[in-house]
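Colleague: The following file, query-v5.cif, comprises mmCIF, C-alpha atoms:
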```
data_final
loop_
_atom_site.label_atom_id
_atom_site.label_comp_id
_atom_site.auth_asym_id
_atom_site.auth_seq_id
_atom_site.Cartn_x
_atom_site.Cartn_y
_atom_site.Cartn_z
CA MET V 19 -169.97 205.15 -7.84
CA VAL V 20 -167.43 205.29 -10.69
CA GLY V 21 -169.49 203.84 -13.51
CA ILE V 22 -170.08 200.56 -15.34
CA GLN V 23 -166.89 200.78 -17.42
CA VAL V 24 -164.65 200.96 -14.38
CA LEU V 25 -166.45 197.93 -12.93
CA ALA V 26 -165.96 196.02 -16.19
CA ASP V 27 -162.25 196.86 -16.29
CA LYS V 28 -161.85 195.78 -12.66
CA LEU V 29 -163.56 192.43 -13.33
CA VAL V 30 -161.32 191.85 -16.36
CA GLN V 31 -158.24 192.49 -14.21
CA ILE V 32 -159.45 190.03 -11.55
CA GLN V 33 -160.18 187.41 -14.20
CA ALA V 34 -156.77 187.97 -15.86
CA ALA V 35 -154.99 187.61 -12.53
CA SER V 36 -156.87 184.37 -11.82
CA ILE V 37 -156.05 182.96 -15.24
CA ALA V 38 -152.41 184.04 -14.90
CA ARG V 39 -152.15 182.12 -11.64
CA ASN V 40 -153.63 178.92 -13.10
CA LEU V 41 -152.13 178.91 -16.57
CA PRO V 42 -148.61 177.78 -15.47
CA VAL V 43 -150.19 174.79 -13.71
CA ILE V 44 -152.22 173.98 -16.83
CA GLU V 45 -149.12 174.35 -19.02
CA LYS V 46 -147.12 172.02 -16.74
CA LYS V 47 -149.85 169.37 -16.91
CA ILE V 48 -149.92 169.66 -20.71
CA ASN V 49 -146.11 169.31 -20.87
CA ASP V 50 -146.09 166.31 -18.53
CA LYS V 51 -148.76 164.56 -20.56
CA LEU V 52 -147.04 165.46 -23.83
CA ASN V 53 -143.69 164.11 -22.63
CA SER V 54 -145.36 160.92 -21.41
CA TYR V 55 -147.01 160.33 -24.78
CA LEU V 56 -143.81 161.13 -26.69
CA SER V 57 -141.87 158.68 -24.52
CA GLU V 58 -144.51 156.00 -25.05
CA LEU V 59 -144.45 156.60 -28.80
CA SER V 60 -140.66 156.33 -28.92
CA LYS V 61 -140.83 152.90 -27.25
CA LEU V 62 -143.07 151.49 -29.94
CA PRO V 63 -141.34 149.47 -32.68
CA LYS V 64 -139.97 151.66 -35.41
CA THR V 65 -142.12 151.61 -38.52
CA LEU V 66 -140.23 149.82 -41.27
CA SER V 67 -141.25 151.12 -44.67
CA THR V 68 -138.67 149.42 -46.92
CA VAL V 69 -137.00 146.02 -47.20
CA THR V 70 -133.64 147.73 -46.61
CA GLU V 71 -134.85 149.13 -43.26
CA ALA V 72 -136.24 145.72 -42.30
CA MET V 73 -132.99 143.98 -43.23
CA THR V 74 -130.99 146.54 -41.26
CA ALA V 75 -133.17 146.02 -38.18
CA PHE V 76 -132.85 142.25 -38.55
CA MET V 77 -129.05 142.38 -38.75
CA GLN V 78 -128.95 144.63 -35.68
CA ILE V 79 -131.02 142.08 -33.76
CA ILE V 80 -128.74 139.22 -34.82
CA GLY V 81 -125.63 141.27 -33.98
CA ALA V 82 -126.93 142.24 -30.54
CA SER V 83 -127.95 138.64 -29.77
CA LYS V 84 -124.58 137.24 -30.84
CA GLU V 85 -122.75 139.83 -28.74
CA SER V 86 -124.84 139.08 -25.64
CA LEU V 87 -124.47 135.30 -26.03
CA LYS V 88 -120.75 135.60 -26.66
CA LYS V 89 -120.36 137.51 -23.41
CA ILE V 90 -122.42 135.22 -21.19
CA LEU V 91 -121.68 131.82 -22.78
CA LEU V 92 -118.03 132.18 -23.80
CA MET V 93 -116.38 135.13 -22.07
CA GLY V 94 -117.99 134.90 -18.63
CA GLU V 95 -119.19 138.53 -18.66
CA PHE V 96 -122.63 139.04 -17.15
CA ASN V 97 -122.91 142.82 -16.79
CA GLU V 98 -126.15 142.69 -18.84
CA PHE V 99 -127.71 140.40 -16.20
CA PRO V 100 -125.94 141.26 -12.94
CA HIS V 101 -128.72 139.97 -10.66
CA ASP V 102 -129.93 136.97 -12.69
CA GLN V 103 -127.63 134.09 -11.73
CA GLN V 104 -129.18 131.79 -14.32
CA MET V 105 -127.65 134.05 -16.97
CA HIS V 106 -124.15 133.79 -15.47
CA CYS V 107 -123.65 130.97 -17.92
CA THR V 108 -119.98 130.05 -17.70
CA ALA V 109 -120.32 129.58 -13.93
CA ARG V 110 -123.45 127.46 -14.34
CA LEU V 111 -121.82 125.30 -17.03
CA VAL V 112 -118.78 124.66 -14.82
CA GLU V 113 -121.13 123.68 -11.98
CA MET V 114 -122.89 121.18 -14.26
CA LEU V 115 -119.54 119.73 -15.33
CA ASP V 116 -118.39 119.46 -11.71
CA GLN V 117 -121.65 117.77 -10.77
CA CYS V 118 -121.18 115.25 -13.58
CA SER V 119 -117.63 114.56 -12.39
CA TYR V 120 -118.88 114.11 -8.83
CA GLN V 121 -121.52 111.62 -10.01
CA LEU V 122 -118.99 109.65 -12.05
CA HIS V 123 -116.52 109.39 -9.17
CA GLY V 124 -119.25 108.63 -6.64
CA CYS V 125 -121.17 105.92 -8.49
CA ASN V 126 -120.98 102.19 -7.69
CA GLU V 127 -118.70 101.51 -10.65
CA SER V 128 -116.07 103.81 -9.10
CA ASP V 129 -116.26 102.18 -5.67
CA SER V 130 -113.09 100.09 -5.37
CA LYS V 131 -113.93 98.79 -1.90
CA SER V 132 -117.29 97.16 -2.59
CA ASN V 133 -117.07 93.35 -3.02
CA PHE V 134 -113.30 93.66 -3.11
CA LEU V 135 -111.73 91.20 -5.63
CA MET V 136 -114.94 89.15 -5.91
CA GLU V 137 -115.82 90.34 -9.43
CA GLU V 138 -112.20 89.92 -10.54
CA ILE V 139 -112.07 86.35 -9.20
CA ALA V 140 -115.32 85.44 -10.94
CA ILE V 141 -114.08 86.86 -14.25
CA LEU V 142 -110.68 85.14 -13.96
CA GLU V 143 -112.28 81.76 -13.24
CA GLU V 144 -114.43 82.08 -16.35
CA ALA V 145 -111.51 83.31 -18.50
CA LYS V 146 -109.06 80.58 -17.51
CA GLY V 147 -107.69 78.23 -20.12
CA ILE V 148 -104.93 75.74 -20.81
CA ASN V 149 -102.06 78.15 -20.18
CA LEU V 150 -99.73 79.35 -17.48
CA PRO V 151 -101.68 80.36 -14.34
CA ASN V 152 -99.84 83.54 -13.39
CA PHE V 153 -100.79 85.73 -16.39
CA VAL V 154 -103.62 88.26 -16.22
CA GLN V 155 -105.96 87.69 -19.14
CA ARG V 156 -106.68 90.85 -21.19
CA SER V 157 -110.14 89.50 -22.00
CA GLY V 158 -110.96 89.56 -18.30
CA PHE V 159 -109.77 93.15 -18.02
CA LEU V 160 -111.92 94.20 -21.00
CA THR V 161 -114.96 92.38 -19.60
CA ILE V 162 -114.75 94.35 -16.35
CA LEU V 163 -114.02 97.58 -18.20
CA GLN V 164 -117.01 97.17 -20.51
CA GLY V 165 -119.30 96.52 -17.56
CA LYS V 166 -118.07 99.62 -15.77
CA VAL V 167 -118.43 101.87 -18.83
CA GLU V 168 -121.90 100.51 -19.49
CA GLY V 169 -122.82 101.17 -15.87
CA ILE V 170 -121.84 104.87 -16.00
CA SER V 171 -123.09 105.60 -19.55
CA GLY V 172 -126.31 107.19 -18.35
CA ILE V 173 -124.46 109.92 -16.40
CA PRO V 174 -122.66 111.68 -19.29
CA LEU V 175 -125.69 111.29 -21.57
CA GLU V 176 -127.88 112.88 -18.90
CA PHE V 177 -125.30 115.66 -18.57
CA VAL V 178 -125.48 116.37 -22.32
CA GLU V 179 -129.28 116.54 -22.19
CA HIS V 180 -129.24 118.84 -19.15
CA VAL V 181 -126.62 121.20 -20.59
CA TRP V 182 -128.37 121.69 -23.92
CA ASN V 183 -131.73 122.28 -22.23
CA TYR V 184 -130.08 125.02 -20.19
CA ILE V 185 -128.38 126.56 -23.24
CA GLU V 186 -131.68 126.52 -25.14
CA ASN V 187 -133.39 128.50 -22.36
CA VAL V 188 -130.56 131.06 -22.33
CA VAL V 189 -130.49 131.54 -26.10
CA LEU V 190 -134.30 131.81 -26.28
CA PHE V 191 -134.34 134.39 -23.51
CA VAL V 192 -131.79 136.58 -25.30
CA LEU V 193 -133.51 136.24 -28.69
CA MET V 194 -136.97 137.02 -27.30
CA ARG V 195 -135.61 140.06 -25.46
CA ASN V 196 -133.96 141.43 -28.59
CA THR V 197 -137.01 140.80 -30.80
CA GLU V 198 -139.68 142.06 -28.41
CA LYS V 199 -140.34 145.10 -30.63
CA TYR V 200 -140.79 142.91 -33.69
CA TYR V 201 -143.37 140.32 -32.75
CA GLN V 202 -143.37 139.02 -36.35
CA LEU V 203 -139.79 137.79 -35.87
CA GLN V 204 -140.34 135.98 -32.59
CA PRO V 205 -142.04 132.78 -33.90
CA SER V 206 -139.33 132.33 -36.55
CA ALA V 207 -136.51 133.06 -34.07
CA ARG V 208 -137.98 130.67 -31.48
CA ARG V 209 -138.48 127.91 -34.04
CA ALA V 210 -134.96 128.37 -35.45
CA CYS V 211 -133.43 128.25 -31.96
CA GLN V 212 -135.32 125.12 -30.94
CA ASN V 213 -134.52 123.30 -34.19
CA LEU V 214 -130.84 124.21 -33.98
CA ILE V 215 -130.46 123.25 -30.30
CA GLN V 216 -132.23 119.94 -30.95
CA ARG V 217 -129.81 119.09 -33.73
CA MET V 218 -126.81 120.09 -31.63
CA LYS V 219 -128.12 118.06 -28.72
CA GLU V 220 -128.56 115.00 -30.94
CA ARG V 221 -125.04 115.55 -32.33
CA SER V 222 -123.60 115.72 -28.81
CA ILE V 223 -125.49 112.60 -27.72
CA HIS V 224 -124.18 110.74 -30.78
CA TRP V 225 -120.66 111.98 -30.06
CA MET V 226 -120.92 110.97 -26.38
CA THR V 227 -122.24 107.53 -27.32
CA GLU V 228 -119.25 107.03 -29.64
CA ILE V 229 -116.84 108.08 -26.89
CA LEU V 230 -118.38 105.51 -24.54
CA GLU V 231 -118.19 102.80 -27.22
CA MET V 232 -114.52 103.64 -27.79
CA GLU V 233 -113.82 103.29 -24.06
CA LYS V 234 -115.49 99.88 -24.10
CA LEU V 235 -113.56 98.68 -27.13
CA THR V 236 -109.96 99.45 -26.20
CA ASP V 237 -107.94 99.75 -23.01
CA TYR V 238 -105.32 102.33 -23.94
CA THR V 239 -103.66 105.41 -22.53
CA CYS V 240 -100.37 107.20 -23.06
CA ASN V 241 -100.77 108.84 -19.66
CA PRO V 242 -97.75 107.80 -17.54
CA GLU V 243 -99.83 108.18 -14.38
CA TYR V 244 -101.52 104.87 -15.16
CA VAL V 245 -98.31 102.84 -14.81
CA SER V 246 -97.01 104.81 -11.84
CA GLU V 247 -100.35 104.47 -10.01
CA TRP V 248 -100.53 100.75 -10.78
CA HIS V 249 -96.99 100.25 -9.41
CA ARG V 250 -97.90 102.20 -6.27
CA LEU V 251 -101.00 100.12 -5.65
CA MET V 252 -99.17 96.83 -6.34
CA THR V 253 -96.71 97.43 -3.49
CA GLU V 254 -99.50 96.25 -1.17
CA GLN V 255 -100.06 92.93 -2.97
CA GLU V 256 -97.94 90.56 -0.88
CA THR V 257 -98.86 92.26 2.38
CA PHE V 258 -102.55 91.97 1.56
CA ILE V 259 -102.41 88.30 0.51
CA THR V 260 -100.37 87.41 3.60
CA LYS V 261 -103.04 89.01 5.83
CA VAL V 262 -105.83 87.13 4.05
CA ILE V 263 -104.05 83.76 4.34
CA ARG V 264 -103.14 84.41 7.98
CA ASN V 265 -106.75 85.27 8.80
CA SER V 266 -107.98 82.18 6.95
CA ASN V 267 -105.90 80.02 9.27
CA ASP V 268 -107.52 81.58 12.32
CA LEU V 269 -110.80 79.68 12.59
CA GLY V 270 -112.09 81.95 15.34
CA LEU V 271 -112.51 84.96 13.05
CA GLY V 272 -115.91 85.78 11.50
CA PRO V 273 -116.77 86.36 7.82
CA HIS V 274 -116.65 90.18 8.10
CA ILE V 275 -112.91 90.60 8.57
CA LYS V 276 -111.57 93.91 7.26
CA VAL V 277 -108.07 94.73 6.04
CA ASN V 278 -106.68 98.13 5.14
CA VAL V 279 -105.33 98.37 1.56
CA GLU V 280 -103.20 101.43 0.85
CA GLY V 281 -104.87 103.56 -1.83
CA ILE V 282 -108.19 101.71 -1.48
CA GLY V 283 -109.21 101.76 2.19
CA MET V 284 -110.74 99.18 4.52
CA VAL V 285 -112.08 96.18 2.62
CA GLU V 286 -113.83 92.99 3.69
CA VAL V 287 -111.77 89.86 3.05
CA GLY V 288 -113.86 87.16 4.74
CA GLY V 289 -115.07 85.82 1.39
CA LEU V 290 -111.54 85.66 -0.06
CA MET V 291 -110.05 83.17 2.39
CA LYS V 292 -111.12 80.10 0.40
CA TYR V 293 -109.21 81.06 -2.74
CA PRO V 294 -105.62 79.99 -3.49
CA HIS V 295 -102.64 82.31 -3.45
CA VAL V 296 -102.20 82.37 -7.26
CA LEU V 297 -105.83 83.35 -7.90
CA LEU V 298 -105.70 86.05 -5.22
CA SER V 299 -102.50 87.45 -6.75
CA GLN V 300 -104.07 87.57 -10.21
CA ALA V 301 -107.27 89.13 -8.88
CA PHE V 302 -105.33 91.75 -6.92
CA ASP V 303 -103.24 92.61 -9.99
CA LEU V 304 -106.36 92.89 -12.15
CA LYS V 305 -108.08 95.06 -9.55
CA MET V 306 -105.18 97.48 -9.27
CA ARG V 307 -104.80 97.73 -13.04
CA MET V 308 -108.47 98.56 -13.32
CA THR V 309 -108.37 101.03 -10.41
CA ALA V 310 -105.45 102.91 -11.99
CA TYR V 311 -106.96 102.81 -15.47
CA TRP V 312 -110.48 103.77 -14.31
CA ASN V 313 -109.18 107.09 -13.00
CA VAL V 314 -107.74 107.76 -16.46
CA VAL V 315 -111.06 106.87 -18.11
CA LEU V 316 -113.08 109.20 -15.90
CA ARG V 317 -110.69 112.13 -16.35
CA ARG V 318 -110.68 111.53 -20.09
CA LEU V 319 -114.48 111.58 -20.20
CA ILE V 320 -114.73 114.81 -18.21
CA ASP V 321 -112.02 116.54 -20.25
CA SER V 322 -113.60 115.42 -23.53
CA MET V 323 -117.04 116.65 -22.47
CA ALA V 324 -115.64 120.03 -21.45
CA LEU V 325 -113.78 120.52 -24.75
CA HIS V 326 -116.73 119.33 -26.83
CA LEU V 327 -119.10 121.61 -24.95
CA GLN V 328 -116.86 124.64 -25.43
CA LEU V 329 -116.48 123.99 -29.17
CA SER V 330 -120.21 123.38 -29.65
CA VAL V 331 -121.21 126.56 -27.83
CA SER V 332 -118.64 128.55 -29.80
CA ASN V 333 -120.02 127.22 -33.10
CA LEU V 334 -123.57 127.92 -31.94
CA VAL V 335 -122.86 131.56 -31.10
CA ASN V 336 -120.43 132.46 -33.87
CA LYS V 337 -121.87 130.57 -36.85
CA ASP V 338 -124.84 128.28 -36.52
CA MET V 339 -127.40 130.54 -34.84
CA GLU V 340 -127.26 133.30 -37.44
CA THR V 341 -127.38 130.82 -40.33
CA GLU V 342 -130.34 128.98 -38.83
CA ILE V 343 -132.38 132.12 -38.13
CA VAL V 344 -131.71 133.57 -41.60
CA SER V 345 -132.73 130.25 -43.16
CA GLU V 346 -135.90 130.09 -41.06
CA LEU V 347 -136.81 133.72 -41.74
CA MET V 348 -136.28 133.51 -45.47
CA GLY V 349 -137.97 130.15 -45.78
CA PRO V 350 -138.73 128.59 -49.16
CA ASN V 351 -139.89 131.97 -50.48
CA LEU V 352 -136.85 134.22 -50.42
CA GLY V 353 -137.39 137.42 -48.49
CA VAL V 354 -140.96 136.76 -47.30
CA GLY V 355 -139.87 136.75 -43.65
CA ILE V 356 -138.09 140.10 -44.01
CA GLU V 357 -141.13 141.64 -45.70
CA ARG V 358 -143.28 140.38 -42.85
CA MET V 359 -141.24 142.55 -40.49
CA MET V 360 -142.75 145.58 -42.27
CA GLU V 361 -146.26 144.53 -41.23
CA GLU V 362 -147.28 146.28 -38.03
CA PRO V 363 -149.61 144.37 -35.71
CA PRO V 364 -153.13 145.91 -35.51
CA SER V 365 -152.88 146.58 -31.77
CA ILE V 366 -149.60 148.51 -32.22
CA ALA V 367 -151.01 150.41 -35.23
CA VAL V 368 -154.09 151.51 -33.26
CA LYS V 369 -151.98 152.55 -30.29
CA ARG V 370 -149.58 154.50 -32.51
CA GLU V 371 -152.45 156.37 -34.18
CA LYS V 372 -154.03 157.30 -30.84
CA LEU V 373 -150.72 158.56 -29.49
CA ILE V 374 -150.02 160.64 -32.60
CA LYS V 375 -153.51 162.26 -32.38
CA SER V 376 -153.14 162.94 -28.66
CA ILE V 377 -149.68 164.46 -29.16
CA LYS V 378 -151.05 166.69 -31.91
CA LYS V 379 -153.92 167.91 -29.68
CA LEU V 380 -151.59 168.56 -26.75
CA LYS V 381 -149.20 170.57 -28.92
CA GLU V 382 -152.12 172.67 -30.19
CA SER V 383 -153.35 173.18 -26.63
CA LYS V 384 -149.88 174.23 -25.55
CA GLU V 385 -149.75 176.85 -28.32
CA VAL V 386 -153.15 178.22 -27.26
CA VAL V 387 -152.07 178.47 -23.63
CA CYS V 388 -148.86 180.25 -24.64
CA LYS V 389 -150.84 182.79 -26.70
CA ILE V 390 -153.23 183.43 -23.80
CA MET V 391 -150.30 183.96 -21.43
CA ASP V 392 -148.68 186.35 -23.91
CA GLY V 393 -152.01 188.23 -24.19
CA ILE V 394 -152.30 188.56 -20.42
CA VAL V 395 -148.78 189.94 -20.15
CA THR V 396 -149.57 192.45 -22.91
CA PHE V 397 -152.86 193.45 -21.28
CA ALA V 398 -151.16 193.91 -17.90
CA ASN V 399 -148.57 196.18 -19.43
#
```
The structure in this file should be written as structure tokens.
Modeller:
Amino acid sequence: MVGIQVLADKLVQIQAASIARNLPVIEKKINDKLNSYLSELSKLPKTLSTVTEAMTAFMQIIGASKESLKKILLMGEFNEFPHDQQMHCTARLVEMLDQCSYQLHGCNESDSKSNFLMEEIAILEEAKGINLPNFVQRSGFLTILQGKVEGISGIPLEFVEHVWNYIENVVLFVLMRNTEKYYQLQPSARRACQNLIQRMKERSIHWMTEILEMEKLTDYTCNPEYVSEWHRLMTEQETFITKVIRNSNDLGLGPHIKVNVEGIGMVEVGGLMKYPHVLLSQAFDLKMRMTAYWNVVLRRLIDSMALHLQLSVSNLVNKDMETEIVSELMGPNLGVGIERMMEEPPSIAVKREKLIKSIKKLKESKEVVCKIMDGIVTFAN
């Protein structure tokens, strides 16, 4: 009716309107994909082209690791790991120390009621000599002390092993997190951490063994609580011995007679009735000396372990870790480990190349779409 040209113009207008409606959707999809690829590319490890760049990256990793470990192991700050209780390290370390204290105070060696005075009597009978009968032999005291210390020695040594295993897991977790973009560093960092922790563990075990040997060797304290506690416990001596002798004269009583001793509790005295007054007095004195002194020994062990642990962790975070990792990374050939950081793993290199090509294509496509949209606007006008 109006000619071919009019029809052609009309079809062009329809096509332009259709394209104009769809182009914004196409442009949005291109932008979304482009942003996704750019974000993915930015998360890849930065390409290190010089030794200076590699050294800078390495020092940043060490600095970040030291800062994290200082917060969680020394300062009690866990804002980096708010929901991971295993990384709330100061709280976990205190729990381990409390558990060790509980085990020490709850073990058989710390039970003052069990076989009351029987061990002391046996030791005194073997330590007697041609001397006055009413003196407590120091050799007997040391014999009992050495047996007690030997009996508990496994608890603090187990504590040392447990604590350092925990610290190793924490340090490794932080190092692996901070080196995840540099896979070349991870084997060296892991090896350095494990070697260092092993040495520190062995040092702590040696230190703890020496502490235990010192406790076996000498009975000494300047703590005034020892004497005051011993005096308090000794106030029950005559009352206790009188009850034992009185019960021994009552033939109708059985072997499982119990007597309450202030500061100790209910103890069986049936087996004590056959011993003379002097021996019972010596045994009671020896028992109360050991009870008072044993509390000092246990507190001293716990306090020493806490102080040693704090110093060791401080040295680990502030000095030893960095030195060990640098030594491991450099190795016998100075700088080889740093240069290795510049080598990109094949999988990362392939991924980086694909992303760069895709980003380039998407940017070109975006430019084409923009030109088409500009052309449509011009045509419509």
Colleague: Using only C-alpha atoms, determine which residues lie at most 12 Å from Gly81 of chain V, disregarding the query and same-chain residues fewer than 6 positions distant; provide the list as a ChimeraX atom specification.
Modeller: /V:74-75,87-88,192-193,196-197,335-337,339-340
Colleague: Please produce a file of those selected residues containing C-alpha atoms, as a tab-separated table (two decimals), in the coordinates of the input.
Modeller:
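As a result, part37.tsv now contains:
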```
chain	number	residue	atom	x	y	z
V	74	THR	CA	-130.99	146.54	-41.26
V	75	ALA	CA	-133.17	146.02	-38.18
V	87	LEU	CA	-124.47	135.30	-26.03
V	88	LYS	CA	-120.75	135.60	-26.66
V	192	VAL	CA	-131.79	136.58	-25.30
V	193	LEU	CA	-133.51	136.24	-28.69
V	196	ASN	CA	-133.96	141.43	-28.59
V	197	THR	CA	-137.01	140.80	-30.80
V	335	VAL	CA	-122.86	131.56	-31.10
V	336	ASN	CA	-120.43	132.46	-33.87
V	337	LYS	CA	-121.87	130.57	-36.85
V	339	MET	CA	-127.40	130.54	-34.84
V	340	GLU	CA	-127.26	133.30	-37.44
```
Colleague: Can you tell me which residues surround Ile44 of chain V at a distance of at most 12 Å, considering only C-alpha atoms, apart from same-chain residues fewer than 5 positions away, and format the answer as a PDB file with C-alpha atoms, keeping the file's coordinate frame?
Modeller:
```
ATOM      1  CA  ILE V  37    -156.050 182.960 -15.240  1.00  0.00           C
ATOM      2  CA  ALA V  38    -152.410 184.040 -14.900  1.00  0.00           C
ATOM      3  CA  ARG V  39    -152.150 182.120 -11.640  1.00  0.00           C
ATOM      4  CA  ASN V  49    -146.110 169.310 -20.870  1.00  0.00           C
ATOM      5  CA  ASP V  50    -146.090 166.310 -18.530  1.00  0.00           C
ATOM      6  CA  LYS V  51    -148.760 164.560 -20.560  1.00  0.00           C
ATOM      7  CA  LEU V 380    -151.590 168.560 -26.750  1.00  0.00           C
ATOM      8  CA  SER V 383    -153.350 173.180 -26.630  1.00  0.00           C
ATOM      9  CA  LYS V 384    -149.880 174.230 -25.550  1.00  0.00           C
ATOM     10  CA  VAL V 386    -153.150 178.220 -27.260  1.00  0.00           C
ATOM     11  CA  VAL V 387    -152.070 178.470 -23.630  1.00  0.00           C
ATOM     12  CA  CYS V 388    -148.860 180.250 -24.640  1.00  0.00           C
ATOM     13  CA  ILE V 390    -153.230 183.430 -23.800  1.00  0.00           C
ATOM     14  CA  MET V 391    -150.300 183.960 -21.430  1.00  0.00           C
TER      15      MET V 391
END
```
Colleague: As lines of an AutoDock Vina configuration file, please: the centre and edge lengths in Å, to one decimal, of an axis-aligned box enclosing every listed atom of segment 103-114 of chain V with 5 Å added on each side.
Modeller:
```
center_x = -124.0
center_y = 127.6
center_z = -14.8
size_x = 20.4
size_y = 22.9
size_z = 16.2
```
Colleague: Just the number, please: distance in Å from atom CA of Lys234 of chain V to atom CA of Val167 of chain V, one decimal.
Modeller: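 Distance reported for this atom pair: 6.4 Å.
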Colleague: Compare V:Tyr120, V:Glu346, V:Ala207, V:Lys276 by their minimum atom-to-atom distance to Arg195 of chain V, counting all atoms listed in the file, and give me the closest one.
Modeller: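 Between V:Tyr120, V:Glu346, V:Ala207, V:Lys276, the residue approaching Arg195 of chain V most closely is V:Ala207.
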Colleague: Hey, which of V:Gln328, V:Ser299, V:His106, V:Glu143 ends up closest to Lys89 of chain V? Count all atoms listed in the file.
Modeller: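 That would be V:His106, the residue with the smallest distance to Lys89 of chain V.
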Colleague: Exactly which residues make up the result of the PyMOL selection byres ((chain V and resi 130) around 12) on this file, given as an MDAnalysis selection string?
Modeller: chainID V and resid 123:129 131:138 166 279:286 302 304:310 312:313
Colleague: From the list V:Thr227, V:Ser157, V:Thr236, V:Gln202, which residue is nearest Ser171 of chain V when using only C-alpha atoms?
Modeller: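 The closest residue to Ser171 of chain V is V:Thr227.
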Colleague: Report, in Å to a single decimal, how far apart atom CA of Leu41 of chain V and atom CA of Lys372 of chain V are.
Modeller: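 It comes out at 26.0 Å.
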Colleague: Using all atoms listed in the file, which residue out of V:Pro205, V:Gly172, V:Pro42, V:Pro294 lies closest to Ile139 of chain V?
Modeller: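 Smallest separation from Ile139 of chain V among the options: V:Pro294.
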Colleague: List the residues matched by the PyMOL selection byres ((chain V and resi 216-221) around 10) in the displayed structure as a list in words, ordered by chain and then by residue number.
Modeller: Val178, Glu179, His180, Val181, Trp182, Asn183, Glu186, Ala210, Cys211, Gln212, Asn213, Leu214, Ile215, Ser222, Ile223, His224, Trp225, Met226, Thr227, Ser330, Val331, Asn333, Leu334 and Asp338 of chain V
Colleague: If the PyMOL selection byres ((chain V and resi 263) around 12) were run on this exact file, what residues would it hold? Put them as a list in words.
Modeller: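 Listing what the PyMOL selection byres ((chain V and resi 263) around 12) selects in the shown file: Glu256, Thr257, Phe258, Ile259, Thr260, Lys261, Val262, Arg264, Asn265, Ser266, Asn267, Asp268, Leu269, Ile275, Val277, Val287, Gly288, Gly289, Leu290, Met291, Lys292, Tyr293, Pro294, His295, Val296, Leu298 and Ser299 of chain V.
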Colleague: V:Ala324, V:Lys146, V:Ser54, V:Glu168: which is nearest Glu113 of chain V, counting all atoms listed in the file?
Modeller: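 Under the stated criterion, the closest residue is V:Ala324.
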Colleague: Between atom CA of Leu190 of chain V and atom CA of Glu98 of chain V, measure the distance and give it in Å to one decimal.
Modeller: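 Computing the Euclidean distance for atom CA of Leu190 of chain V and atom CA of Glu98 of chain V yields 15.5 Å.
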